[in-house]
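Participant: Got a file for you: query_1.txt, compact mmCIF, C-alpha atoms.
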```
# COMPACT_ATOMS: atom_id res chain seq x y z
CA MET Y 232 42.89 10.39 -47.00
CA ALA Y 233 39.82 9.54 -49.03
CA ASP Y 234 36.37 10.87 -48.26
CA VAL Y 235 33.63 8.43 -47.27
CA SER Y 236 31.93 9.03 -50.60
CA THR Y 237 34.90 7.45 -52.41
CA MET Y 238 34.62 4.11 -50.63
CA SER Y 239 34.37 1.12 -52.91
CA GLY Y 240 31.28 -1.06 -52.77
CA PRO Y 241 27.71 -0.16 -51.80
CA GLN Y 242 27.48 3.05 -49.77
CA SER Y 243 25.03 4.88 -47.54
CA THR Y 244 24.08 8.51 -48.12
CA ARG Y 245 22.88 9.05 -44.55
CA HIS Y 246 24.72 11.19 -42.04
CA TYR Y 247 25.41 9.87 -38.54
CA THR Y 248 26.21 11.44 -35.20
CA ARG Y 249 28.43 8.59 -33.97
CA PRO Y 250 31.91 8.29 -35.52
CA GLY Y 251 32.51 5.27 -37.74
CA VAL Y 252 28.89 4.26 -38.34
CA GLU Y 253 29.36 4.68 -42.11
CA ALA Y 254 31.59 1.57 -42.06
CA ALA Y 255 28.91 -0.44 -40.24
CA ALA Y 256 26.36 0.79 -42.77
CA ARG Y 257 28.64 -0.40 -45.52
CA LEU Y 258 28.74 -3.91 -44.04
CA LEU Y 259 24.94 -3.90 -43.88
CA SER Y 260 24.66 -2.73 -47.48
CA PHE Y 261 26.12 -5.90 -49.00
CA GLU Y 262 23.06 -7.70 -50.34
CA PRO Y 263 22.11 -10.36 -50.99
CA ILE Y 264 24.07 -12.23 -48.34
CA THR Y 265 26.43 -14.53 -50.22
CA ASN Y 266 29.32 -16.64 -48.96
CA ASP Y 267 31.66 -13.68 -49.62
CA VAL Y 268 29.45 -11.41 -47.52
CA VAL Y 269 29.35 -13.96 -44.70
CA GLN Y 270 33.15 -13.90 -44.74
CA LYS Y 271 33.16 -10.12 -44.27
CA TRP Y 272 30.80 -10.43 -41.28
CA SER Y 273 32.98 -13.20 -39.84
CA ASN Y 274 36.09 -11.08 -40.32
CA ALA Y 275 34.42 -8.31 -38.33
CA LEU Y 276 33.28 -10.58 -35.50
CA ASN Y 277 36.67 -12.28 -35.24
CA ASN Y 278 38.26 -8.88 -34.64
CA TYR Y 279 35.89 -7.93 -31.81
CA PRO Y 280 38.36 -8.81 -29.00
CA ALA Y 281 41.14 -6.89 -30.75
CA MET Y 282 38.90 -3.86 -31.15
CA LEU Y 283 37.96 -3.95 -27.45
CA ALA Y 284 41.66 -3.87 -26.60
CA GLY Y 285 42.31 -1.16 -29.15
CA LYS Y 286 39.66 1.10 -27.70
CA LYS Y 287 40.13 0.81 -23.93
CA GLY Y 288 42.96 -1.67 -23.40
CA ASP Y 289 43.12 -4.58 -20.98
CA LYS Y 290 40.42 -3.25 -18.64
CA LEU Y 291 37.65 -3.48 -21.25
CA VAL Y 292 38.89 -6.88 -22.42
CA SER Y 293 38.88 -8.12 -18.82
CA LEU Y 294 35.34 -6.85 -18.19
CA ASP Y 295 34.12 -8.49 -21.39
CA LYS Y 296 35.62 -11.81 -20.30
CA LYS Y 297 33.99 -11.48 -16.87
CA MET Y 298 30.64 -10.95 -18.58
CA ASP Y 299 31.22 -14.12 -20.62
CA THR Y 300 31.93 -16.02 -17.40
CA ILE Y 301 28.73 -14.74 -15.77
CA ALA Y 302 26.77 -15.56 -18.91
CA SER Y 303 28.08 -19.14 -18.86
CA LEU Y 304 26.85 -19.54 -15.28
CA TRP Y 305 23.43 -18.13 -16.12
CA GLN Y 306 23.06 -20.41 -19.13
CA ARG Y 307 23.81 -23.65 -17.26
CA PRO Y 308 21.00 -26.21 -17.08
CA LEU Y 309 19.09 -26.05 -13.80
CA GLY Y 310 19.93 -28.63 -11.17
CA VAL Y 311 17.59 -30.69 -9.00
CA ASN Y 312 16.75 -27.71 -6.81
CA SER Y 313 15.70 -25.65 -9.82
CA LYS Y 314 14.35 -22.65 -7.91
CA ALA Y 315 17.57 -22.18 -5.96
CA ASP Y 316 19.60 -22.62 -9.15
CA GLU Y 317 17.67 -20.02 -11.14
CA PRO Y 318 20.00 -17.42 -12.68
CA ALA Y 319 19.94 -13.99 -11.08
CA LEU Y 320 21.90 -10.76 -11.29
CA THR Y 321 23.72 -9.40 -8.24
CA LYS Y 322 24.34 -5.75 -7.47
CA ALA Y 323 28.09 -6.27 -7.72
CA GLN Y 324 27.75 -7.83 -11.18
CA LEU Y 325 25.54 -4.96 -12.33
CA ILE Y 326 27.59 -2.04 -10.97
CA ASP Y 327 31.17 -3.34 -11.07
CA ILE Y 328 31.07 -5.34 -14.30
CA ILE Y 329 28.12 -4.68 -16.63
CA ILE Y 330 27.82 -0.92 -16.08
CA GLU Y 331 31.60 -0.43 -16.13
CA TRP Y 332 31.79 -2.45 -19.37
CA LYS Y 333 28.94 -0.46 -20.93
CA PHE Y 334 30.44 2.91 -19.98
CA LEU Y 335 33.91 1.98 -21.23
CA LYS Y 336 32.64 0.47 -24.47
CA GLY Y 337 30.32 3.37 -25.24
CA LYS Y 338 29.61 6.75 -23.76
CA PRO Y 339 29.91 7.00 -19.94
CA ARG Y 340 26.83 8.37 -18.21
CA ASN Y 341 28.13 8.83 -14.69
CA ALA Y 342 25.03 10.77 -13.62
CA LEU Y 343 23.22 7.42 -13.54
CA LYS Y 344 25.51 5.88 -10.92
CA PRO Y 345 23.67 7.27 -7.86
CA LEU Y 346 20.40 5.88 -9.23
CA LEU Y 347 21.96 2.51 -9.96
CA ASN Y 348 23.53 2.33 -6.50
CA ALA Y 349 20.15 3.09 -4.92
CA ASN Y 350 18.89 -0.36 -5.96
CA SER Y 351 19.12 -3.02 -3.27
CA ASP Y 352 20.73 -6.37 -4.00
CA THR Y 353 17.41 -8.05 -3.21
CA THR Y 354 15.47 -5.91 -5.70
CA ILE Y 355 18.07 -6.47 -8.43
CA ASN Y 356 17.98 -10.20 -7.74
CA GLU Y 357 14.18 -10.42 -7.88
CA CYS Y 358 13.74 -8.28 -11.00
CA SER Y 359 16.41 -10.21 -12.88
CA ARG Y 360 14.92 -13.58 -11.90
CA ARG Y 361 11.53 -12.53 -13.27
CA ALA Y 362 13.12 -11.16 -16.45
CA PHE Y 363 15.14 -14.34 -17.00
CA ARG Y 364 12.07 -16.55 -16.49
CA ILE Y 365 10.26 -14.63 -19.24
CA ALA Y 366 13.31 -14.66 -21.52
CA LYS Y 367 13.85 -18.38 -21.04
CA ALA Y 368 10.40 -19.16 -22.45
CA ILE Y 369 10.86 -17.13 -25.66
CA ARG Y 370 10.97 -19.30 -28.75
CA GLN Y 371 13.71 -18.60 -31.26
CA CYS Y 372 12.07 -17.84 -34.60
CA GLY Y 373 12.38 -15.76 -37.76
CA PRO Y 374 10.23 -12.77 -38.77
CA SER Y 375 8.04 -14.93 -41.00
CA HIS Y 376 7.21 -17.34 -38.18
CA GLU Y 377 3.77 -17.19 -36.57
CA ASN Y 378 5.37 -16.73 -33.12
CA TRP Y 379 7.34 -13.61 -34.11
CA ASP Y 380 4.87 -11.12 -32.60
CA GLU Y 381 4.47 -13.24 -29.50
CA SER Y 382 8.23 -13.36 -29.01
CA ASN Y 383 8.45 -9.56 -29.30
CA THR Y 384 5.74 -9.21 -26.66
CA SER Y 385 7.67 -11.49 -24.31
CA MET Y 386 10.88 -9.59 -25.00
CA SER Y 387 9.11 -6.36 -24.07
CA MET Y 388 7.97 -7.94 -20.81
CA ALA Y 389 11.48 -9.15 -19.95
CA ILE Y 390 13.01 -5.74 -20.65
CA SER Y 391 10.25 -4.01 -18.68
CA GLU Y 392 11.02 -6.14 -15.62
CA LEU Y 393 14.63 -4.94 -15.60
CA CYS Y 394 13.55 -1.36 -16.28
CA LYS Y 395 11.79 -1.37 -12.90
CA LEU Y 396 15.26 -0.90 -11.44
CA LYS Y 397 16.44 2.68 -10.89
CA GLY Y 398 18.74 3.91 -13.66
CA ILE Y 399 18.06 0.93 -15.93
CA GLY Y 400 16.58 1.51 -19.37
CA PRO Y 401 16.22 -0.68 -22.47
CA ALA Y 402 19.91 -0.28 -23.40
CA THR Y 403 21.29 -1.65 -20.13
CA ALA Y 404 18.50 -4.24 -20.00
CA SER Y 405 19.56 -5.45 -23.45
CA ALA Y 406 23.13 -5.93 -22.21
CA ILE Y 407 21.89 -8.10 -19.33
CA LEU Y 408 19.41 -10.12 -21.39
CA GLY Y 409 21.91 -10.47 -24.23
CA MET Y 410 24.21 -12.26 -21.81
CA TYR Y 411 21.45 -14.70 -20.85
CA ARG Y 412 19.83 -15.22 -24.27
CA PRO Y 413 22.26 -14.01 -26.98
CA ASP Y 414 20.21 -16.00 -29.49
CA ILE Y 415 17.30 -13.59 -28.88
CA PHE Y 416 18.71 -10.28 -27.61
CA ALA Y 417 21.32 -7.97 -29.18
CA PHE Y 418 23.01 -5.26 -27.15
CA MET Y 419 21.82 -1.72 -27.86
CA ASP Y 420 25.17 -0.11 -28.74
CA ASP Y 421 24.90 3.42 -30.11
CA GLU Y 422 26.61 2.27 -33.30
CA VAL Y 423 24.14 -0.58 -33.71
CA ILE Y 424 21.18 1.74 -33.25
CA GLU Y 425 22.42 4.29 -35.77
CA SER Y 426 23.37 1.77 -38.43
CA LEU Y 427 20.06 -0.11 -38.25
CA TYR Y 428 17.41 2.41 -37.20
CA ASN Y 429 16.04 4.70 -39.89
CA GLY Y 430 15.04 7.50 -37.53
CA LYS Y 431 16.82 9.60 -34.91
CA ARG Y 432 18.87 7.57 -32.46
CA GLY Y 433 17.00 6.93 -29.23
CA TYR Y 434 16.85 4.45 -26.36
CA THR Y 435 13.17 3.57 -26.18
CA LEU Y 436 11.74 0.06 -26.04
CA LYS Y 437 10.11 0.61 -29.43
CA ILE Y 438 13.44 1.48 -31.05
CA TYR Y 439 15.13 -1.46 -29.36
CA LEU Y 440 12.55 -3.93 -30.67
CA ASP Y 441 13.03 -2.47 -34.14
CA ILE Y 442 16.82 -2.82 -34.24
CA ASN Y 443 16.78 -6.14 -32.41
CA GLY Y 444 14.35 -7.48 -35.00
CA ARG Y 445 16.85 -6.52 -37.68
CA CYS Y 446 19.65 -8.26 -35.77
CA ARG Y 447 17.55 -11.40 -35.39
CA GLU Y 448 16.77 -11.40 -39.09
CA LEU Y 449 20.42 -10.89 -40.04
CA ALA Y 450 21.51 -13.67 -37.69
CA GLU Y 451 19.06 -16.03 -39.38
CA GLN Y 452 20.26 -15.05 -42.87
CA LEU Y 453 23.94 -15.34 -41.95
CA GLY Y 454 23.26 -18.67 -40.28
CA ARG Y 455 21.58 -20.05 -43.38
CA LYS Y 456 24.54 -19.07 -45.55
CA ARG Y 457 26.94 -20.41 -42.95
CA ASN Y 458 25.25 -23.79 -43.10
CA ARG Y 459 25.24 -23.77 -46.88
CA PHE Y 460 28.72 -22.38 -47.51
CA SER Y 461 30.60 -23.34 -44.33
CA ASN Y 462 32.96 -25.63 -46.25
CA ASP Y 463 33.71 -22.86 -48.74
CA VAL Y 464 34.45 -19.99 -46.39
CA GLY Y 465 35.62 -21.88 -43.32
CA ASP Y 466 33.06 -20.05 -41.20
CA ASP Y 467 32.22 -21.90 -37.98
CA VAL Y 468 30.36 -18.98 -36.37
CA LYS Y 469 26.96 -19.71 -34.89
CA TRP Y 470 25.31 -16.39 -35.62
CA THR Y 471 23.10 -14.76 -33.01
CA PRO Y 472 21.62 -11.24 -32.72
CA TYR Y 473 24.23 -10.51 -30.05
CA LYS Y 474 27.06 -11.44 -32.41
CA VAL Y 475 25.54 -9.36 -35.22
CA GLY Y 476 25.70 -6.36 -32.90
CA GLN Y 477 29.31 -7.14 -31.97
CA ALA Y 478 30.29 -7.27 -35.65
CA LEU Y 479 28.65 -3.91 -36.38
CA TRP Y 480 30.28 -2.28 -33.34
CA THR Y 481 33.69 -3.66 -34.38
CA VAL Y 482 33.49 -2.20 -37.88
CA ALA Y 483 32.24 1.19 -36.67
CA THR Y 484 34.89 1.42 -33.94
CA ALA Y 485 37.65 0.39 -36.33
CA SER Y 486 36.64 3.25 -38.61
CA ALA Y 487 36.28 5.74 -35.75
CA THR Y 488 39.77 4.89 -34.46
CA LYS Y 489 41.22 4.99 -38.00
CA ASN Y 490 42.38 1.37 -37.92
CA GLU Y 491 43.04 0.92 -41.63
CA GLU Y 492 44.72 -2.47 -41.23
CA LEU Y 493 41.73 -3.98 -39.43
CA LEU Y 494 39.25 -2.50 -41.90
CA SER Y 495 41.26 -3.92 -44.79
CA GLU Y 496 41.12 -7.34 -43.16
CA ILE Y 497 37.36 -7.10 -42.61
CA PHE Y 498 36.39 -5.82 -46.04
CA GLU Y 499 39.29 -7.41 -47.92
CA ASP Y 500 40.12 -4.15 -49.69
CA ASP Y 501 41.84 -0.80 -49.05
CA GLY Y 502 41.09 0.17 -45.46
CA SER Y 503 42.05 3.79 -46.03
CA LYS Y 504 38.94 4.18 -48.15
CA LEU Y 505 36.84 3.36 -45.11
CA ILE Y 506 38.21 6.07 -42.83
CA GLN Y 507 35.82 8.97 -42.59
CA SER Y 508 37.39 12.36 -43.12
CA ARG Y 509 34.42 14.61 -42.50
CA THR Y 510 33.84 16.17 -39.09
CA ILE Y 511 31.30 14.18 -37.14
CA THR Y 512 28.55 16.14 -35.46
CA GLU Y 513 28.58 14.55 -32.03
CA ASP Y 514 25.32 14.11 -30.21
CA THR Y 515 25.81 17.28 -28.20
CA ASN Y 516 22.59 18.45 -29.79
CA LEU Y 517 20.94 15.67 -27.80
CA GLU Y 518 22.58 16.89 -24.60
CA GLY Y 519 21.25 20.39 -24.98
CA LYS Y 520 23.09 23.31 -26.47
CA GLN Y 521 22.11 26.65 -24.95
CA GLY Y 522 19.71 24.97 -22.52
CA THR Y 523 16.79 24.71 -24.92
CA LYS Y 524 13.49 23.23 -23.83
CA GLU Y 525 13.91 20.37 -26.34
CA ALA Y 526 17.33 19.49 -24.95
CA SER Y 527 15.96 19.54 -21.40
CA THR Y 528 13.20 17.13 -22.39
CA THR Y 529 15.72 14.84 -24.08
CA ARG Y 530 17.94 14.76 -21.00
CA ARG Y 531 15.00 13.64 -18.87
CA LYS Y 532 14.23 10.84 -21.32
CA ARG Y 533 17.85 9.66 -21.19
CA ARG Y 534 18.03 9.33 -17.40
CA LYS Y 535 17.38 5.65 -17.92
CA LEU Y 536 19.68 3.96 -20.37
```
Turn the structure described in the file into structure tokens.

Facilitator:
Amino acid sequence: MADVSTMSGPQSTRHYTRPGVEAAARLLSFEPITNDVVQKWSNALNNYPAMLAGKKGDKLVSLDKKMDTIASLWQRPLGVNSKADEPALTKAQLIDIIIEWKFLKGKPRNALKPLLNANSDTTINECSRRAFRIAKAIRQCGPSHENWDESNTSMSMAISELCKLKGIGPATASAILGMYRPDIFAFMDDEVIESLYNGKRGYTLKIYLDINGRCRELAEQLGRKRNRFSNDVGDDVKWTPYKVGQALWTVATASATKNEELLSEIFEDDGSKLIQSRTITEDTNLEGKQGTKEASTTRRKRRKL
């Protein structure tokens, strides 16, 4: 099996703590974005459902579909009684669907469940309504637009509303807001953070705004090429930051699970060259080897994800 350094195409020299991120970094490294590159991104996104099934089977696929159903309800136009029809999150949706989906798709953090369960349905409903009102007003725009900074400020406010809930941090907030406004919010998967953020992986609002800005920019670039080359590549994807994140997660997970066939389909080359052979240093250093003071501090910071 080939080492990562032998992979064809542009490569990253960084080292990552999450398995498979090298493959996501490879997808990001194809620049400029041409019609061929758009096809690679589309190949990745199209395999997202298959990769969900490959990682955790029917349960994860079912939860993902339930989230899509909830998202469709939230995104419906308001009726005559607009206040009563405002979208809102319920405790059951949060605990039984979104959190279960997040823990299955990524790393389970069961220590958060008592905190999450301590939230009342009323509090969850009210915080989510306020967050959705803020998110609804955000204008979709690119980084060069004059409203870019204003949109980031509003995004911070929406995330902060959800973070008032016990056990909810920017990562979980991004999952909720990504369901409501996928054209603005990407989900903060570990693999997405590591492939896009230049520093140490973390779950702060600052880091989220950084990686989400990259996802928004990529969605705009892929969308422009889609419109220009759609007849050439047969790409009917309407790119959003949320879908950019899904594509990156798919590639990273395919590599981590050694799915050579899927990687070959995505990159249209030899998938075996994309399977990492080195031993990944898992983020146990973040969890605190030998009970160091630094590890203890990090654990406290990660109580809200």

Participant: Compare Y:Ser351, Y:Asn490, Y:Asn443, Y:Thr384 by their minimum atom-to-atom distance to Y:Lys474, counting only C-alpha atoms, and give me the closest one.

Facilitator: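 Comparing Y:Ser351, Y:Asn490, Y:Asn443, Y:Thr384 against Y:Lys474, the winner is Y:Asn443.
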
Participant: Just want the 10 Å neighbourhood of Y:Lys344, counted on all atoms listed in the file, with same-chain residues fewer than 2 positions away dropped. Output as JSON, numbers by chain.

Facilitator: {"Y": [326, 330, 340, 341, 342, 346, 347, 348, 349, 397, 398]}

Participant: Write a file of the selected residues as a short mmCIF file (atom, residue, chain, number, x, y, z; two decimals), in the coordinates of the input, keeping C-alpha atoms.

Facilitator:
```
data_model
loop_
_atom_site.label_atom_id
_atom_site.label_comp_id
_atom_site.auth_asym_id
_atom_site.auth_seq_id
_atom_site.Cartn_x
_atom_site.Cartn_y
_atom_site.Cartn_z
CA ILE Y 326 27.59 -2.04 -10.97
CA ILE Y 330 27.82 -0.92 -16.08
CA ARG Y 340 26.83 8.37 -18.21
CA ASN Y 341 28.13 8.83 -14.69
CA ALA Y 342 25.03 10.77 -13.62
CA LEU Y 346 20.40 5.88 -9.23
CA LEU Y 347 21.96 2.51 -9.96
CA ASN Y 348 23.53 2.33 -6.50
CA ALA Y 349 20.15 3.09 -4.92
CA LYS Y 397 16.44 2.68 -10.89
CA GLY Y 398 18.74 3.91 -13.66
#
```

Participant: Excluding Y:Asn429 and any residue of its chain fewer than 5 positions from it, enumerate the residues within 10 Å of it, using all atoms listed in the file, and give them as a list in words.

Facilitator: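 So the residues in contact are Arg245, Ile424, Ile438, Asp441 and Ile442 of chain Y.
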
Participant: Within 9 Å of (21.8, 2.7, -29.1), in the coordinates the file gives, what residues turn up when you count all atoms listed in the file, written out as a VMD selection string?

Facilitator: chain Y and resid 402 418 to 425 432 to 434 438 to 439

Participant: Every residue with an atom at most 9 Å from (28.2, -1.8, -34.5) (file coordinates; all atoms listed in the file) is what I'm after, so could you write them as a PyMOL selection string?

Facilitator: chain Y and resi 251-252+254-256+420-426+475-484

Participant: Once you have the residues from the selection above, write them out as a PDB file, in the frame of the given file, restricted to C-alpha atoms.

Facilitator:
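For reference, selection-v4.pdb as written:
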```pdb
ATOM      1  CA  GLY Y 251      32.510   5.270 -37.740  1.00  0.00           C
ATOM      2  CA  VAL Y 252      28.890   4.260 -38.340  1.00  0.00           C
ATOM      3  CA  ALA Y 254      31.590   1.570 -42.060  1.00  0.00           C
ATOM      4  CA  ALA Y 255      28.910  -0.440 -40.240  1.00  0.00           C
ATOM      5  CA  ALA Y 256      26.360   0.790 -42.770  1.00  0.00           C
ATOM      6  CA  ASP Y 420      25.170  -0.110 -28.740  1.00  0.00           C
ATOM      7  CA  ASP Y 421      24.900   3.420 -30.110  1.00  0.00           C
ATOM      8  CA  GLU Y 422      26.610   2.270 -33.300  1.00  0.00           C
ATOM      9  CA  VAL Y 423      24.140  -0.580 -33.710  1.00  0.00           C
ATOM     10  CA  ILE Y 424      21.180   1.740 -33.250  1.00  0.00           C
ATOM     11  CA  GLU Y 425      22.420   4.290 -35.770  1.00  0.00           C
ATOM     12  CA  SER Y 426      23.370   1.770 -38.430  1.00  0.00           C
ATOM     13  CA  VAL Y 475      25.540  -9.360 -35.220  1.00  0.00           C
ATOM     14  CA  GLY Y 476      25.700  -6.360 -32.900  1.00  0.00           C
ATOM     15  CA  GLN Y 477      29.310  -7.140 -31.970  1.00  0.00           C
ATOM     16  CA  ALA Y 478      30.290  -7.270 -35.650  1.00  0.00           C
ATOM     17  CA  LEU Y 479      28.650  -3.910 -36.380  1.00  0.00           C
ATOM     18  CA  TRP Y 480      30.280  -2.280 -33.340  1.00  0.00           C
ATOM     19  CA  THR Y 481      33.690  -3.660 -34.380  1.00  0.00           C
ATOM     20  CA  VAL Y 482      33.490  -2.200 -37.880  1.00  0.00           C
ATOM     21  CA  ALA Y 483      32.240   1.190 -36.670  1.00  0.00           C
ATOM     22  CA  THR Y 484      34.890   1.420 -33.940  1.00  0.00           C
TER      23      THR Y 484
END
```

Participant: May I ask which of the residues Y:Lys296, Y:Lys456, Y:Lys322, Y:Lys367 is the closest one to Y:Ile415, counting all atoms listed in the file?

Facilitator: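 Going through Y:Lys296, Y:Lys456, Y:Lys322, Y:Lys367 one by one, the smallest distance to Y:Ile415 is for Y:Lys367.
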
Participant: Which residue is closest to Y:Lys336? Choose from Y:Ile301, Y:Met282, Y:Ala389, Y:Leu427 and count all atoms listed in the file.

Facilitator: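 Among Y:Ile301, Y:Met282, Y:Ala389, Y:Leu427, it is Y:Met282 that comes nearest to Y:Lys336.
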
Participant: Determine the nearest neighbour of Y:Trp272 from the options Y:Ser359, Y:Gln452, Y:Ser303, Y:Thr435, counting all atoms listed in the file.

Facilitator: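 Looking at the shortest contact to Y:Trp272, the residue is Y:Gln452.
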
Participant: Enter the distance from atom CA of Y:Arg257 to atom CA of Y:Val468, in Å, rounded to one decimal.

Facilitator: 20.8 Å

Participant: Atom CA of Y:Val269 to atom CA of Y:Ile407: how many Å, to one decimal?

Facilitator: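 Pair atom CA of Y:Val269 / atom CA of Y:Ile407 returns 27.1 Å.
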
Participant: Interatomic distance between atom CA of Y:Leu408 and atom CA of Y:Arg360?

Facilitator: 11.1 Å

Participant: When you get a chance, write out N, CA, C and O atoms for stretch 277-296 of chain Y, as a short mmCIF file (atom, residue, chain, number, x, y, z; two decimals), in the frame of the given file.

Facilitator:
```cif
data_model
loop_
_atom_site.label_atom_id
_atom_site.label_comp_id
_atom_site.auth_asym_id
_atom_site.auth_seq_id
_atom_site.Cartn_x
_atom_site.Cartn_y
_atom_site.Cartn_z
N ASN Y 277 35.41 -11.71 -35.73
CA ASN Y 277 36.67 -12.28 -35.24
C ASN Y 277 37.61 -11.20 -34.68
O ASN Y 277 38.50 -11.51 -33.88
N ASN Y 278 37.41 -9.97 -35.12
CA ASN Y 278 38.26 -8.88 -34.64
C ASN Y 278 37.65 -8.12 -33.46
O ASN Y 278 38.22 -7.11 -33.02
N TYR Y 279 36.52 -8.60 -32.95
CA TYR Y 279 35.89 -7.93 -31.81
C TYR Y 279 36.81 -7.84 -30.59
O TYR Y 279 36.96 -6.75 -30.02
N PRO Y 280 37.47 -8.92 -30.17
CA PRO Y 280 38.36 -8.81 -29.00
C PRO Y 280 39.50 -7.81 -29.24
O PRO Y 280 39.86 -7.04 -28.33
N ALA Y 281 40.06 -7.81 -30.44
CA ALA Y 281 41.14 -6.89 -30.75
C ALA Y 281 40.67 -5.44 -30.71
O ALA Y 281 41.40 -4.55 -30.26
N MET Y 282 39.42 -5.22 -31.13
CA MET Y 282 38.90 -3.86 -31.15
C MET Y 282 38.58 -3.38 -29.73
O MET Y 282 38.75 -2.21 -29.42
N LEU Y 283 38.15 -4.29 -28.86
CA LEU Y 283 37.96 -3.95 -27.45
C LEU Y 283 39.28 -3.47 -26.85
O LEU Y 283 39.34 -2.44 -26.17
N ALA Y 284 40.34 -4.23 -27.12
CA ALA Y 284 41.66 -3.87 -26.60
C ALA Y 284 42.15 -2.57 -27.20
O ALA Y 284 42.76 -1.74 -26.51
N GLY Y 285 41.87 -2.37 -28.48
CA GLY Y 285 42.31 -1.16 -29.15
C GLY Y 285 41.62 0.08 -28.65
O GLY Y 285 42.19 1.17 -28.66
N LYS Y 286 40.40 -0.07 -28.16
CA LYS Y 286 39.66 1.10 -27.70
C LYS Y 286 39.99 1.47 -26.26
O LYS Y 286 40.26 2.63 -25.95
N LYS Y 287 39.94 0.50 -25.36
CA LYS Y 287 40.13 0.81 -23.93
C LYS Y 287 41.13 -0.11 -23.23
O LYS Y 287 41.18 -0.15 -22.00
N GLY Y 288 41.89 -0.88 -23.99
CA GLY Y 288 42.96 -1.67 -23.40
C GLY Y 288 42.48 -2.87 -22.61
O GLY Y 288 41.36 -3.37 -22.77
N ASP Y 289 43.35 -3.34 -21.71
CA ASP Y 289 43.12 -4.58 -20.98
C ASP Y 289 41.89 -4.52 -20.08
O ASP Y 289 41.25 -5.56 -19.83
N LYS Y 290 41.55 -3.34 -19.56
CA LYS Y 290 40.42 -3.25 -18.64
C LYS Y 290 39.12 -3.65 -19.32
O LYS Y 290 38.32 -4.42 -18.76
N LEU Y 291 38.88 -3.14 -20.53
CA LEU Y 291 37.65 -3.48 -21.25
C LEU Y 291 37.64 -4.95 -21.65
O LEU Y 291 36.60 -5.62 -21.57
N VAL Y 292 38.79 -5.45 -22.07
CA VAL Y 292 38.89 -6.88 -22.42
C VAL Y 292 38.58 -7.75 -21.21
O VAL Y 292 37.84 -8.74 -21.30
N SER Y 293 39.11 -7.37 -20.05
CA SER Y 293 38.88 -8.12 -18.82
C SER Y 293 37.41 -8.11 -18.43
O SER Y 293 36.84 -9.15 -18.05
N LEU Y 294 36.77 -6.95 -18.52
CA LEU Y 294 35.34 -6.85 -18.19
C LEU Y 294 34.51 -7.69 -19.14
O LEU Y 294 33.54 -8.35 -18.71
N ASP Y 295 34.85 -7.70 -20.41
CA ASP Y 295 34.12 -8.49 -21.39
C ASP Y 295 34.24 -9.98 -21.08
O ASP Y 295 33.25 -10.73 -21.18
N LYS Y 296 35.42 -10.41 -20.66
CA LYS Y 296 35.62 -11.81 -20.30
C LYS Y 296 34.83 -12.17 -19.04
O LYS Y 296 34.28 -13.27 -18.92
#
```
